[in-house]
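Coordinates from protein.txt are shown below (compact mmCIF, C-alpha atoms (C1' of nucleotides)).
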```
# COMPACT_ATOMS: atom_id res chain seq x y z
CA MET N 11 72.91 68.85 325.35
CA SER N 12 74.35 68.95 321.87
CA ASN N 13 75.76 65.95 320.07
CA LEU N 14 78.23 67.91 318.09
CA PHE N 15 79.25 70.55 320.51
CA LYS N 16 79.39 68.71 323.78
CA SER N 17 82.72 67.29 322.71
CA PHE N 18 84.12 70.79 322.85
CA LEU N 19 83.02 71.15 326.43
CA ILE N 20 84.95 68.17 327.65
CA SER N 21 87.98 69.10 325.57
CA SER N 22 90.80 70.10 327.88
CA THR N 23 92.42 72.40 325.38
CA ILE N 24 89.73 75.05 325.61
CA PRO N 25 89.98 77.64 328.39
CA SER N 26 87.04 77.41 330.72
CA ASP N 27 85.79 80.95 330.06
CA LEU N 28 85.46 80.03 326.40
CA LYS N 29 83.61 76.89 327.32
CA GLU N 30 81.13 79.05 329.14
CA LYS N 31 80.79 81.26 326.11
CA LEU N 32 80.30 78.28 323.88
CA LYS N 33 77.61 76.86 326.10
CA ASN N 34 75.72 80.12 325.76
CA SER N 35 76.21 80.22 321.99
CA VAL N 36 74.58 76.93 321.16
CA THR N 37 70.83 76.71 320.66
CA VAL N 38 68.84 73.54 320.13
CA LYS N 39 65.71 73.93 318.02
CA LYS N 40 62.91 71.95 316.49
CA ILE N 41 61.68 73.45 313.25
CA LYS N 42 58.95 72.67 310.78
CA LYS N 43 59.37 71.77 307.13
CA GLY N 44 59.75 74.95 305.13
CA THR N 45 61.18 77.03 307.94
CA SER N 46 63.82 79.48 306.76
CA LEU N 47 67.00 79.61 308.82
CA GLN N 48 69.08 82.07 306.84
CA VAL N 49 68.55 84.36 303.87
CA LYS N 50 71.14 86.06 301.70
CA GLY N 51 72.46 89.21 303.29
CA ASP N 52 71.92 88.17 306.90
CA ARG N 53 74.53 89.55 309.25
CA LEU N 54 74.09 87.14 312.09
CA ILE N 55 75.24 83.82 310.81
CA TYR N 56 75.07 80.42 312.44
CA ASP N 57 76.37 76.99 311.67
CA TYR N 58 73.75 74.28 311.83
CA TYR N 59 74.26 70.75 312.97
CA VAL N 60 71.43 68.44 311.88
CA VAL N 61 70.32 66.07 314.64
CA LYS N 62 67.29 64.91 312.70
CA GLY N 63 65.68 65.99 309.45
CA LEU N 64 66.97 67.60 306.27
CA LEU N 65 68.23 71.07 305.37
CA ARG N 66 69.25 72.62 302.11
CA SER N 67 71.41 75.62 301.20
CA TYR N 68 71.02 77.46 297.92
CA THR N 69 71.41 80.70 295.97
CA ILE N 70 68.86 82.56 293.91
CA ASP N 71 70.13 84.12 290.69
CA GLU N 72 69.01 87.32 288.96
CA LYS N 73 66.31 85.44 287.10
CA GLY N 74 64.89 84.13 290.36
CA LYS N 75 66.15 80.61 289.80
CA GLU N 76 67.27 78.53 292.77
CA HIS N 77 70.57 76.64 292.74
CA ILE N 78 71.01 74.15 295.56
CA PHE N 79 74.53 74.04 296.92
CA MET N 80 74.08 71.18 299.35
CA PHE N 81 71.73 69.01 301.34
CA ALA N 82 72.42 68.20 304.98
CA SER N 83 70.72 65.31 306.71
CA GLU N 84 71.39 63.62 310.05
CA ASP N 85 74.86 64.24 311.49
CA TRP N 86 75.87 66.77 308.87
CA LEU N 87 77.06 70.28 309.50
CA MET N 88 75.51 72.93 307.30
CA SER N 89 77.42 76.14 307.01
CA ASP N 90 77.92 79.00 304.62
CA ILE N 91 81.69 78.72 304.67
CA GLU N 92 82.27 81.38 302.04
CA SER N 93 80.67 84.14 304.06
CA GLN N 94 82.37 82.74 307.14
CA VAL N 95 85.88 82.74 305.74
CA PHE N 96 85.63 86.13 304.10
CA ASP N 97 83.57 87.58 306.90
CA LYS N 98 80.81 88.77 304.63
CA THR N 99 77.06 88.74 305.04
CA ALA N 100 75.31 85.51 304.15
CA GLU N 101 75.71 84.26 300.56
CA LEU N 102 73.30 81.39 300.84
CA TYR N 103 69.72 80.74 301.78
CA ILE N 104 69.16 77.87 304.20
CA ASP N 105 65.85 76.22 304.99
CA ALA N 106 64.32 72.96 306.14
CA LEU N 107 63.01 70.36 303.69
CA GLU N 108 61.58 68.24 306.50
CA ASP N 109 60.58 68.81 310.09
CA SER N 110 64.00 68.94 311.69
CA GLU N 111 65.88 69.09 314.92
CA ILE N 112 68.98 71.22 314.78
CA GLU N 113 71.70 72.74 316.88
CA MET N 114 72.79 76.19 315.90
CA ILE N 115 75.98 77.87 316.99
CA ASP N 116 76.76 81.53 316.65
CA ARG N 117 79.42 82.00 314.01
CA LYS N 118 81.49 84.48 315.98
CA ALA N 119 81.69 82.27 319.04
CA PHE N 120 82.52 79.33 316.81
CA ARG N 121 85.41 81.19 315.24
CA GLU N 122 86.80 82.27 318.59
CA ILE N 123 86.78 78.70 319.71
CA ASN N 124 88.32 77.38 316.51
CA ALA N 125 91.12 79.89 316.87
CA VAL N 126 92.30 78.36 320.13
CA ARG N 127 91.09 74.78 320.23
CA TYR N 128 92.60 71.92 318.33
CA PHE N 129 90.85 69.88 315.71
CA ASP N 130 91.26 66.21 316.27
CA GLY N 131 92.00 63.73 313.51
CA ASP N 132 88.38 62.85 313.03
CA GLU N 133 87.21 66.41 312.62
CA LEU N 134 90.05 67.14 310.25
CA ASN N 135 89.12 64.14 308.22
CA LYS N 136 85.58 65.42 307.85
CA LEU N 137 86.90 68.73 306.67
CA PHE N 138 89.20 67.09 304.14
CA LYS N 139 86.33 64.96 303.03
CA ARG N 140 84.26 68.02 302.33
CA VAL N 141 87.03 69.36 300.11
CA ALA N 142 87.22 66.01 298.34
CA VAL N 143 83.50 65.99 297.68
CA LEU N 144 83.68 69.48 296.25
CA GLN N 145 86.61 68.50 294.07
CA ARG N 146 84.54 65.71 292.58
CA ARG N 147 81.55 68.00 292.14
CA VAL N 148 83.60 70.59 290.25
CA LEU N 149 85.10 67.95 287.99
CA LEU N 150 81.68 66.49 287.29
CA LEU N 151 80.19 69.89 286.52
CA MET N 152 83.02 70.55 284.10
CA SER N 153 83.35 67.25 282.32
CA ALA N 154 80.24 65.11 282.77
CA THR N 155 76.90 65.28 280.98
CA ALA N 156 73.72 65.92 282.93
CA MET N 157 72.90 62.23 282.84
CA GLU N 158 76.28 61.22 284.20
CA ARG N 159 75.91 63.70 287.02
CA TYR N 160 72.49 62.28 287.81
CA GLU N 161 73.84 58.72 287.86
CA HIS N 162 76.60 59.82 290.19
CA PHE N 163 74.11 61.53 292.48
CA ILE N 164 71.81 58.55 292.91
CA GLN N 165 74.84 56.35 293.54
CA THR N 166 76.27 58.70 296.13
CA TYR N 167 73.12 59.93 297.88
CA PRO N 168 70.46 57.24 297.44
CA ASP N 169 68.78 58.34 300.67
CA ILE N 170 68.44 61.95 299.55
CA VAL N 171 66.86 60.82 296.28
CA GLN N 172 64.05 59.28 298.31
CA ARG N 173 63.50 62.29 300.48
CA VAL N 174 63.42 65.30 298.16
CA PRO N 175 61.35 66.19 295.09
CA GLN N 176 62.95 65.73 291.67
CA LYS N 177 63.08 69.40 290.99
CA MET N 178 65.47 69.86 293.89
CA ILE N 179 67.77 67.18 292.62
CA ALA N 180 67.69 68.95 289.28
CA SER N 181 68.59 72.16 291.05
CA TYR N 182 71.52 70.46 292.76
CA LEU N 183 72.73 68.98 289.48
CA GLY N 184 72.60 72.34 287.75
CA ILE N 185 69.81 71.46 285.31
CA THR N 186 66.11 72.27 285.00
CA PRO N 187 63.32 70.03 286.33
CA GLU N 188 62.21 69.44 282.73
CA GLY N 189 65.75 68.45 281.82
CA LEU N 190 65.92 65.91 284.61
CA SER N 191 62.52 64.51 283.67
CA LYS N 192 63.73 63.90 280.13
CA ILE N 193 66.92 62.26 281.35
CA ARG N 194 64.92 59.93 283.56
CA GLY N 195 62.75 59.06 280.57
CA GLN N 196 65.81 58.09 278.54
CA ARG N 197 67.23 56.10 281.45
CA VAL N 198 64.29 53.73 281.83
CA LYS N 199 64.16 53.24 278.08
CA GLY N 200 67.89 52.45 278.11
CA LYS N 201 67.45 49.70 280.73
CA ASN N 202 65.95 46.26 279.71
CA MET S 10 115.04 73.33 304.38
CA SER S 11 111.39 73.60 303.50
CA ASN S 12 109.31 76.73 303.92
CA LEU S 13 106.12 74.87 304.51
CA PHE S 14 107.29 71.88 306.39
CA LYS S 15 109.95 73.29 308.64
CA SER S 16 107.20 74.58 310.90
CA PHE S 17 106.28 71.01 311.64
CA LEU S 18 109.77 70.27 312.81
CA ILE S 19 109.76 72.94 315.46
CA SER S 20 106.26 72.07 316.55
CA SER S 21 106.38 70.58 320.01
CA THR S 22 103.23 68.53 319.56
CA ILE S 23 104.86 66.08 317.20
CA PRO S 24 106.77 63.15 318.70
CA SER S 25 110.40 63.26 317.72
CA ASP S 26 110.38 59.93 315.90
CA LEU S 27 107.71 61.32 313.61
CA LYS S 28 109.77 64.43 313.06
CA GLU S 29 112.55 62.21 311.88
CA LYS S 30 110.17 60.43 309.54
CA LEU S 31 108.88 63.72 308.23
CA LYS S 32 112.36 64.99 307.54
CA ASN S 33 112.97 61.94 305.40
CA SER S 34 109.66 62.29 303.58
CA VAL S 35 110.17 65.76 302.23
CA THR S 36 112.01 66.32 298.97
CA VAL S 37 112.95 69.65 297.47
CA LYS S 38 113.10 69.75 293.68
CA LYS S 39 113.63 72.08 290.78
CA ILE S 40 111.70 71.07 287.73
CA LYS S 41 111.40 72.34 284.18
CA LYS S 42 108.28 73.65 282.51
CA GLY S 43 106.25 70.74 281.24
CA THR S 44 107.53 68.22 283.75
CA SER S 45 104.86 65.80 284.87
CA LEU S 46 104.63 65.17 288.61
CA GLN S 47 101.65 62.85 288.79
CA VAL S 48 99.43 60.99 286.36
CA LYS S 49 96.06 59.39 286.94
CA GLY S 50 96.35 55.99 288.52
CA ASP S 51 99.63 56.62 290.33
CA ARG S 52 99.88 54.76 293.62
CA LEU S 53 102.58 56.83 295.23
CA ILE S 54 101.07 60.20 295.84
CA TYR S 55 102.67 63.38 297.07
CA ASP S 56 101.49 66.78 298.12
CA TYR S 57 103.33 69.62 296.45
CA TYR S 58 104.14 72.95 297.99
CA VAL S 59 105.09 75.55 295.38
CA VAL S 60 108.10 77.64 296.40
CA LYS S 61 108.41 79.23 292.97
CA GLY S 62 106.69 78.67 289.65
CA LEU S 63 103.30 77.39 288.63
CA LEU S 64 101.62 73.98 288.66
CA ARG S 65 98.31 72.77 287.37
CA SER S 66 96.13 69.77 288.19
CA TYR S 67 93.62 68.37 285.71
CA THR S 68 91.65 65.40 284.49
CA ILE S 69 91.38 64.00 280.99
CA ASP S 70 87.94 62.76 279.95
CA GLU S 71 87.02 59.88 277.65
CA LYS S 72 87.26 62.15 274.63
CA GLY S 73 90.79 63.15 275.57
CA LYS S 74 89.81 66.63 276.67
CA GLU S 75 91.65 68.24 279.59
CA HIS S 76 89.77 69.89 282.44
CA ILE S 77 91.93 71.96 284.75
CA PHE S 78 90.94 71.65 288.38
CA MET S 79 93.32 74.22 289.81
CA PHE S 80 96.44 76.28 289.36
CA ALA S 81 98.98 76.58 292.16
CA SER S 82 101.55 79.34 292.18
CA GLU S 83 103.93 80.53 294.90
CA ASP S 84 102.97 79.54 298.43
CA TRP S 85 100.12 77.26 297.39
CA LEU S 86 99.73 73.64 298.26
CA MET S 87 98.73 71.40 295.38
CA SER S 88 97.17 68.13 296.33
CA ASP S 89 94.79 65.57 294.98
CA ILE S 90 92.61 65.58 298.06
CA GLU S 91 90.00 63.23 296.66
CA SER S 92 92.40 60.36 296.20
CA GLN S 93 93.97 61.24 299.53
CA VAL S 94 90.76 61.18 301.55
CA PHE S 95 89.37 58.06 299.97
CA ASP S 96 92.76 56.41 299.75
CA LYS S 97 92.51 55.70 296.05
CA THR S 98 95.05 55.93 293.29
CA ALA S 99 95.57 59.35 291.77
CA GLU S 100 92.54 61.01 290.16
CA LEU S 101 94.38 63.99 288.77
CA TYR S 102 97.29 64.76 286.53
CA ILE S 103 99.72 67.32 287.86
CA ASP S 104 102.43 69.10 285.88
CA ALA S 105 104.45 72.28 285.75
CA LEU S 106 103.43 75.25 283.58
CA GLU S 107 106.66 77.10 284.36
CA ASP S 108 110.11 76.15 285.59
CA SER S 109 109.34 75.59 289.25
CA GLU S 110 110.80 74.91 292.63
CA ILE S 111 108.70 72.61 294.74
CA GLU S 112 108.69 70.66 297.96
CA MET S 113 107.04 67.31 297.83
CA ILE S 114 105.94 65.26 300.79
CA ASP S 115 104.99 61.63 300.75
CA ARG S 116 101.26 61.31 301.29
CA LYS S 117 101.45 58.48 303.77
CA ALA S 118 103.90 60.27 306.00
CA PHE S 119 101.81 63.42 305.73
CA ARG S 120 98.73 61.57 306.90
CA GLU S 121 100.51 60.00 309.84
CA ILE S 122 101.65 63.39 310.95
CA ASN S 123 98.26 65.00 310.48
CA ALA S 124 96.71 62.30 312.63
CA VAL S 125 98.71 63.34 315.66
CA ARG S 126 99.75 66.95 315.21
CA TYR S 127 97.51 69.93 315.68
CA PHE S 128 96.58 72.38 312.98
CA ASP S 129 97.04 75.94 314.07
CA GLY S 130 94.54 78.70 313.36
CA ASP S 131 96.37 79.84 310.26
CA GLU S 132 96.48 76.42 308.66
CA LEU S 133 92.86 75.84 309.48
CA ASN S 134 91.98 79.10 307.90
CA LYS S 135 93.70 78.08 304.69
CA LEU S 136 91.75 74.86 304.67
CA PHE S 137 88.47 76.68 305.24
CA LYS S 138 89.42 79.09 302.54
CA ARG S 139 89.88 76.29 300.09
CA VAL S 140 86.39 75.06 300.87
CA ALA S 141 85.06 78.59 300.38
CA VAL S 142 86.76 78.93 297.01
CA LEU S 143 85.29 75.62 295.89
CA GLN S 144 81.85 76.67 297.12
CA ARG S 145 82.05 79.74 294.91
CA ARG S 146 83.31 77.74 291.97
CA VAL S 147 80.45 75.26 292.20
CA LEU S 148 77.90 78.05 292.40
CA LEU S 149 79.44 79.80 289.42
CA LEU S 150 79.52 76.62 287.35
CA MET S 151 75.86 76.06 288.14
CA SER S 152 74.42 79.53 287.78
CA ALA S 153 76.74 81.80 285.82
CA THR S 154 77.30 82.11 282.07
CA ALA S 155 80.73 81.45 280.61
CA MET S 156 81.31 85.20 280.37
CA GLU S 157 80.45 85.78 284.00
CA ARG S 158 82.80 83.00 285.03
CA TYR S 159 85.55 84.57 282.94
CA GLU S 160 84.98 87.99 284.51
CA HIS S 161 85.16 86.41 287.94
CA PHE S 162 88.37 84.63 287.06
CA ILE S 163 90.25 87.69 285.86
CA GLN S 164 89.08 89.57 288.94
CA THR S 165 90.16 86.82 291.29
CA TYR S 166 93.36 85.61 289.64
CA PRO S 167 94.77 88.51 287.59
CA ASP S 168 98.29 87.13 288.00
CA ILE S 169 97.38 83.71 286.61
CA VAL S 170 95.77 85.37 283.57
CA GLN S 171 99.17 86.83 282.73
CA ARG S 172 101.03 83.59 283.16
CA VAL S 173 99.06 80.93 281.32
CA PRO S 174 97.76 80.57 277.76
CA GLN S 175 94.09 81.34 277.13
CA LYS S 176 93.26 77.79 276.33
CA MET S 177 94.15 76.79 279.87
CA ILE S 178 91.91 79.45 281.34
CA ALA S 179 89.19 78.11 279.08
CA SER S 180 89.89 74.65 280.41
CA TYR S 181 89.60 75.91 283.99
CA LEU S 182 86.34 77.69 283.22
CA GLY S 183 84.87 74.60 281.64
CA ILE S 184 84.63 75.93 278.08
CA THR S 185 86.53 75.46 274.82
CA PRO S 186 89.37 77.73 273.70
CA GLU S 187 87.18 78.85 270.79
CA GLY S 188 84.40 79.66 273.19
CA LEU S 189 86.66 81.82 275.33
CA SER S 190 88.03 83.59 272.28
CA LYS S 191 84.51 84.54 271.21
CA ILE S 192 83.66 85.77 274.71
CA ARG S 193 86.75 87.95 274.69
CA GLY S 194 85.70 89.34 271.35
CA GLN S 195 82.31 90.32 272.73
CA ARG S 196 83.89 91.82 275.82
CA VAL S 197 86.09 94.33 274.02
CA LYS S 198 83.17 95.28 271.80
CA GLY S 199 81.06 95.81 274.94
CA LYS S 200 83.61 98.21 276.43
CA ASN S 201 83.91 101.83 275.02
C1' DC J 14 36.80 67.54 296.25
C1' DG J 15 39.10 71.11 294.19
C1' DA J 16 43.39 74.02 293.81
C1' DG J 17 47.99 73.91 293.53
C1' DC J 18 52.22 71.65 293.15
C1' DG J 19 55.12 68.37 290.88
C1' DC J 20 56.15 65.70 286.94
C1' DT J 21 55.96 64.86 282.05
C1' DT J 22 55.98 65.81 277.09
C1' DG J 23 56.61 68.48 272.91
C1' DA J 24 58.03 72.61 270.11
C1' DT J 25 61.21 76.24 269.87
C1' DT J 26 65.32 78.78 271.12
C1' DG J 27 70.01 79.70 272.40
C1' DA J 28 74.61 79.35 274.56
C1' DG J 29 78.36 77.02 273.65
C1' DT J 30 80.62 73.06 270.86
C1' DT J 31 82.70 71.09 266.89
C1' DC J 32 85.06 71.32 262.72
C1' DA J 33 87.88 73.77 259.62
C1' DA J 34 91.01 77.18 258.26
C1' DA J 35 93.34 81.59 258.57
C1' DA J 36 95.94 84.97 261.44
C1' DA J 37 98.89 86.05 265.22
C1' DT J 38 102.31 84.89 268.52
C1' DC J 39 105.97 82.27 270.52
C1' DG J 40 110.36 80.09 270.90
C1' DT J 41 114.34 78.07 269.31
C1' DG J 42 118.36 77.19 266.37
C1' DG J 43 121.36 79.01 263.17
C1' DC H 1 118.86 88.90 266.12
C1' DC H 2 116.29 87.05 262.69
C1' DA H 3 113.62 83.35 260.46
C1' DC H 4 110.88 79.61 260.35
C1' DG H 5 108.06 76.03 262.28
C1' DA H 6 105.00 75.13 266.01
C1' DT H 7 101.63 76.56 268.97
C1' DT H 8 97.96 79.65 270.20
C1' DT H 9 94.21 82.57 269.10
C1' DT H 10 90.69 84.10 266.16
C1' DT H 11 86.85 83.68 262.99
C1' DG H 12 82.95 81.49 260.71
C1' DA H 13 79.44 77.88 259.66
C1' DA H 14 76.88 74.02 261.11
C1' DC H 15 75.34 71.54 264.91
C1' DT H 16 73.88 69.88 269.74
C1' DC H 17 72.63 69.63 274.36
C1' DA H 18 70.00 71.50 277.51
C1' DA H 19 66.98 75.75 278.54
C1' DT H 20 62.77 77.95 277.85
C1' DC H 21 58.04 78.20 276.91
C1' DA H 22 53.65 76.08 276.98
C1' DA H 23 50.24 72.74 277.84
C1' DG H 24 48.31 68.62 280.13
C1' DC H 25 48.14 65.04 283.65
C1' DG H 26 48.05 63.16 288.37
C1' DC H 27 48.52 63.62 293.27
C1' DT H 28 48.00 65.14 297.75
C1' DC H 29 46.63 67.74 301.41
C1' DG H 30 43.93 71.37 303.10
```
Reformat the file's structure so that it appears as structure tokens.
Amino acid sequence: MSNLFKSFLISSTIPSDLKEKLKNSVTVKKIKKGTSLQVKGDRLIYDYYVVKGLLRSYTIDEKGKEHIFMFASEDWLMSDIESQVFDKTAELYIDALEDSEIEMIDRKAFREINAVRYFDGDELNKLFKRVAVLQRRVLLLMSATAMERYEHFIQTYPDIVQRVPQKMIASYLGITPEGLSKIRGQRVKGKN
Amino acid sequence: MSNLFKSFLISSTIPSDLKEKLKNSVTVKKIKKGTSLQVKGDRLIYDYYVVKGLLRSYTIDEKGKEHIFMFASEDWLMSDIESQVFDKTAELYIDALEDSEIEMIDRKAFREINAVRYFDGDELNKLFKRVAVLQRRVLLLMSATAMERYEHFIQTYPDIVQRVPQKMIASYLGITPEGLSKIRGQRVKGKN
DNA sequence: CGAGCGCTTGATTGAGTTCAAAAATCGTGG
DNA sequence: CCACGATTTTTGAACTCAATCAAGCGCTCG
């Protein structure tokens, strides 16, 4: 079964009744590009592990504008941590940008397991890394120009740049598609 | 000794030689308002647990402008996670906004201990919470106006509002002191 | 092969910055 | 405890970066 979650099942620190529960809480799915996995306000929330493909999470503001919070490609975990931590309904929309293969785990079961199991060094490191990435993102949003943020993005996620339309990168950077187009215009002029 | 770190010492999952190491890696300090604890580029990095008082972490951009990443008051852990995770020199400046009492732990020792010890549910929850707070902050920086961000701040951190000058709140929100002053002007007009 | 989506380009607008200077508040020494 | 200098906050005018609005082009995929 699951890449991500099978490790839990062999972990000796989890009581066997919980293992059973976990096994029943994980679903493997193949979904088509465009499929919606979660919309704001949902009560049943899952965490999604991406086996293959590409997901995005985002908000929609009062004016109907989308703001992409993150992309998740192969081997990434996509989750709406804010609603998870504060036990609220979903904050974010999540959908597929490519045909994808995912594993979803019921949030409640996941929490029960996290309460008793131990995170190993590797998992902890991933969690710390996520905090580090967010730290950088906040600092960039506060102090860097749109062009600097774009440069940073293509340095950091060259693969994503290839796989998603420009307007979604703009949405991730916090600018408009037109804005990004103009920046790209200046960039090529600036070279040679 | 330490509020934060004494729990490690009674934890049975840590080998006793590491406990010894940990004991030697923690320093308790009283510092005066304005004292600098870390500057960008430092190689020796510590994590700071605030027993009493108030710390801030921030960057300084090319134009010399400060951008506050976070405040840490009583019972918060202040750390430059980005430099920690990627094992770089310090990214952030850290100093005291009030006379403070802190516990500092050497980063290297902290990492060694985290590699072998287990995080309990409570610690994990704090870590998740930090991710959640950063998620919100990113979304606000991307989609909310300066005034909305200010409203959110005074809702979320009413105590900090009382304790720091406006210009530092402006710096945290990603706007200029003048900008915040104008927003506050509009706000009072908007009421009654 | 046509309709719609994505990207570009230009003109206009606006939220927030910068620069400058006055007003209010803080804090420290006498 | 007051006074004075330093820091913080406010206010106003000019400016700037990026948003908005609008129109046109080029793909692609249905």
Practice task
Can you check which residues of chain N have any atom within 10 Å of chain H? Use all atoms listed in the file and format it as number ranges by chain.
Solution key: N: 155-156, 185-186, 188-190
Please save C-alpha atoms of the selected residues as a PDB file, keeping the file's coordinate frame.
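Result file part-v9.pdb:
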```
ATOM      1  CA  THR N 155      76.900  65.280 280.980  1.00  0.00           C
ATOM      2  CA  ALA N 156      73.720  65.920 282.930  1.00  0.00           C
ATOM      3  CA  ILE N 185      69.810  71.460 285.310  1.00  0.00           C
ATOM      4  CA  THR N 186      66.110  72.270 285.000  1.00  0.00           C
ATOM      5  CA  GLU N 188      62.210  69.440 282.730  1.00  0.00           C
ATOM      6  CA  GLY N 189      65.750  68.450 281.820  1.00  0.00           C
ATOM      7  CA  LEU N 190      65.920  65.910 284.610  1.00  0.00           C
TER       8      LEU N 190
END
```
Exercise for the section: Return the neighbours of chain J among the residues of chain N, cut-off 9 Å, counting all atoms listed in the file, as a list in words. Expected result: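 Taken together, these residues fit the definition: Pro175, Gln176, Lys177, Pro187, Glu188, Ser191 and Lys192 of chain N.
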Exercise for the section: Could you list, as a ChimeraX atom specification, the residues of chain N having an atom within 8 Å of chain S when counting all atoms listed in the file? Expected result: /N:69,71,77,79,91-93,95,124-126,128-131,135,138-149,151-153,183-184
How about saving the chosen residues, C-alpha atoms kept, as a PDB file, in the coordinates of the input?
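result37.pdb, written as the output of this step:
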```pdb
ATOM      1  CA  THR N  69      71.410  80.700 295.970  1.00  0.00           C
ATOM      2  CA  ASP N  71      70.130  84.120 290.690  1.00  0.00           C
ATOM      3  CA  HIS N  77      70.570  76.640 292.740  1.00  0.00           C
ATOM      4  CA  PHE N  79      74.530  74.040 296.920  1.00  0.00           C
ATOM      5  CA  ILE N  91      81.690  78.720 304.670  1.00  0.00           C
ATOM      6  CA  GLU N  92      82.270  81.380 302.040  1.00  0.00           C
ATOM      7  CA  SER N  93      80.670  84.140 304.060  1.00  0.00           C
ATOM      8  CA  VAL N  95      85.880  82.740 305.740  1.00  0.00           C
ATOM      9  CA  ASN N 124      88.320  77.380 316.510  1.00  0.00           C
ATOM     10  CA  ALA N 125      91.120  79.890 316.870  1.00  0.00           C
ATOM     11  CA  VAL N 126      92.300  78.360 320.130  1.00  0.00           C
ATOM     12  CA  TYR N 128      92.600  71.920 318.330  1.00  0.00           C
ATOM     13  CA  PHE N 129      90.850  69.880 315.710  1.00  0.00           C
ATOM     14  CA  ASP N 130      91.260  66.210 316.270  1.00  0.00           C
ATOM     15  CA  GLY N 131      92.000  63.730 313.510  1.00  0.00           C
ATOM     16  CA  ASN N 135      89.120  64.140 308.220  1.00  0.00           C
ATOM     17  CA  PHE N 138      89.200  67.090 304.140  1.00  0.00           C
ATOM     18  CA  LYS N 139      86.330  64.960 303.030  1.00  0.00           C
ATOM     19  CA  ARG N 140      84.260  68.020 302.330  1.00  0.00           C
ATOM     20  CA  VAL N 141      87.030  69.360 300.110  1.00  0.00           C
ATOM     21  CA  ALA N 142      87.220  66.010 298.340  1.00  0.00           C
ATOM     22  CA  VAL N 143      83.500  65.990 297.680  1.00  0.00           C
ATOM     23  CA  LEU N 144      83.680  69.480 296.250  1.00  0.00           C
ATOM     24  CA  GLN N 145      86.610  68.500 294.070  1.00  0.00           C
ATOM     25  CA  ARG N 146      84.540  65.710 292.580  1.00  0.00           C
ATOM     26  CA  ARG N 147      81.550  68.000 292.140  1.00  0.00           C
ATOM     27  CA  VAL N 148      83.600  70.590 290.250  1.00  0.00           C
ATOM     28  CA  LEU N 149      85.100  67.950 287.990  1.00  0.00           C
ATOM     29  CA  LEU N 151      80.190  69.890 286.520  1.00  0.00           C
ATOM     30  CA  MET N 152      83.020  70.550 284.100  1.00  0.00           C
ATOM     31  CA  SER N 153      83.350  67.250 282.320  1.00  0.00           C
ATOM     32  CA  LEU N 183      72.730  68.980 289.480  1.00  0.00           C
ATOM     33  CA  GLY N 184      72.600  72.340 287.750  1.00  0.00           C
TER      34      GLY N 184
END
```
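Here atom CA of Ile55 of chain N stands at a distance of 6.9 Å from atom CA of Ala100 of chain N.
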Practice task
May I ask for the distance between atom CA of Arg173 of chain N and atom CA of Met157 of chain N, given in Å to one decimal place?
Solution key: 20.0 Å
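Our summary of the geometry notes that atom CA of Ser110 of chain N is positioned 27.4 Å from atom CA of Asp97 of chain N.
In this comparison, which uses all atoms listed in the file, the residue of S:Asp51, S:Asp26, S:Asp115, S:Glu83 approaching Tyr102 of chain S most closely is S:Asp51.
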Calculate, to one decimal in Å, the centre and edge lengths of the box along x, y and z of the file that holds all listed atoms of segment 21-32 of chain J with 4 Å of margin on each side, and present them as JSON.
```
{"center_x": 70.5, "center_y": 72.3, "center_z": 272.4, "size_x": 37.1, "size_y": 22.8, "size_z": 27.3}
```
Extract, using all atoms listed in the file, all DNA, RNA and protein residues at most 10 Å from Ala119 of chain N, discarding same-chain residues fewer than 4 positions from it, and format them as a PDB file with C-alpha atoms, in the frame of the given file.
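To be explicit, this is the file written out as selection24.pdb:
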```pdb
ATOM      1  CA  LEU N  28      85.460  80.030 326.400  1.00  0.00           C
ATOM      2  CA  LYS N  31      80.790  81.260 326.110  1.00  0.00           C
ATOM      3  CA  LEU N  32      80.300  78.280 323.880  1.00  0.00           C
ATOM      4  CA  LYS N  33      77.610  76.860 326.100  1.00  0.00           C
ATOM      5  CA  ASN N  34      75.720  80.120 325.760  1.00  0.00           C
ATOM      6  CA  SER N  35      76.210  80.220 321.990  1.00  0.00           C
ATOM      7  CA  VAL N  36      74.580  76.930 321.160  1.00  0.00           C
ATOM      8  CA  TYR N  56      75.070  80.420 312.440  1.00  0.00           C
ATOM      9  CA  ILE N 115      75.980  77.870 316.990  1.00  0.00           C
ATOM     10  CA  ILE N 123      86.780  78.700 319.710  1.00  0.00           C
ATOM     11  CA  ASN N 124      88.320  77.380 316.510  1.00  0.00           C
ATOM     12  CA  ALA N 125      91.120  79.890 316.870  1.00  0.00           C
TER      13      ALA N 125
END
```
Problem - Selected residue of minimal separation from Arg117 of chain N among N:Lys42, N:Leu54, N:Val61, N:Lys73, counting all atoms listed in the file - result: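 Using all atoms listed in the file, the shortest distance to Arg117 of chain N belongs to N:Leu54.
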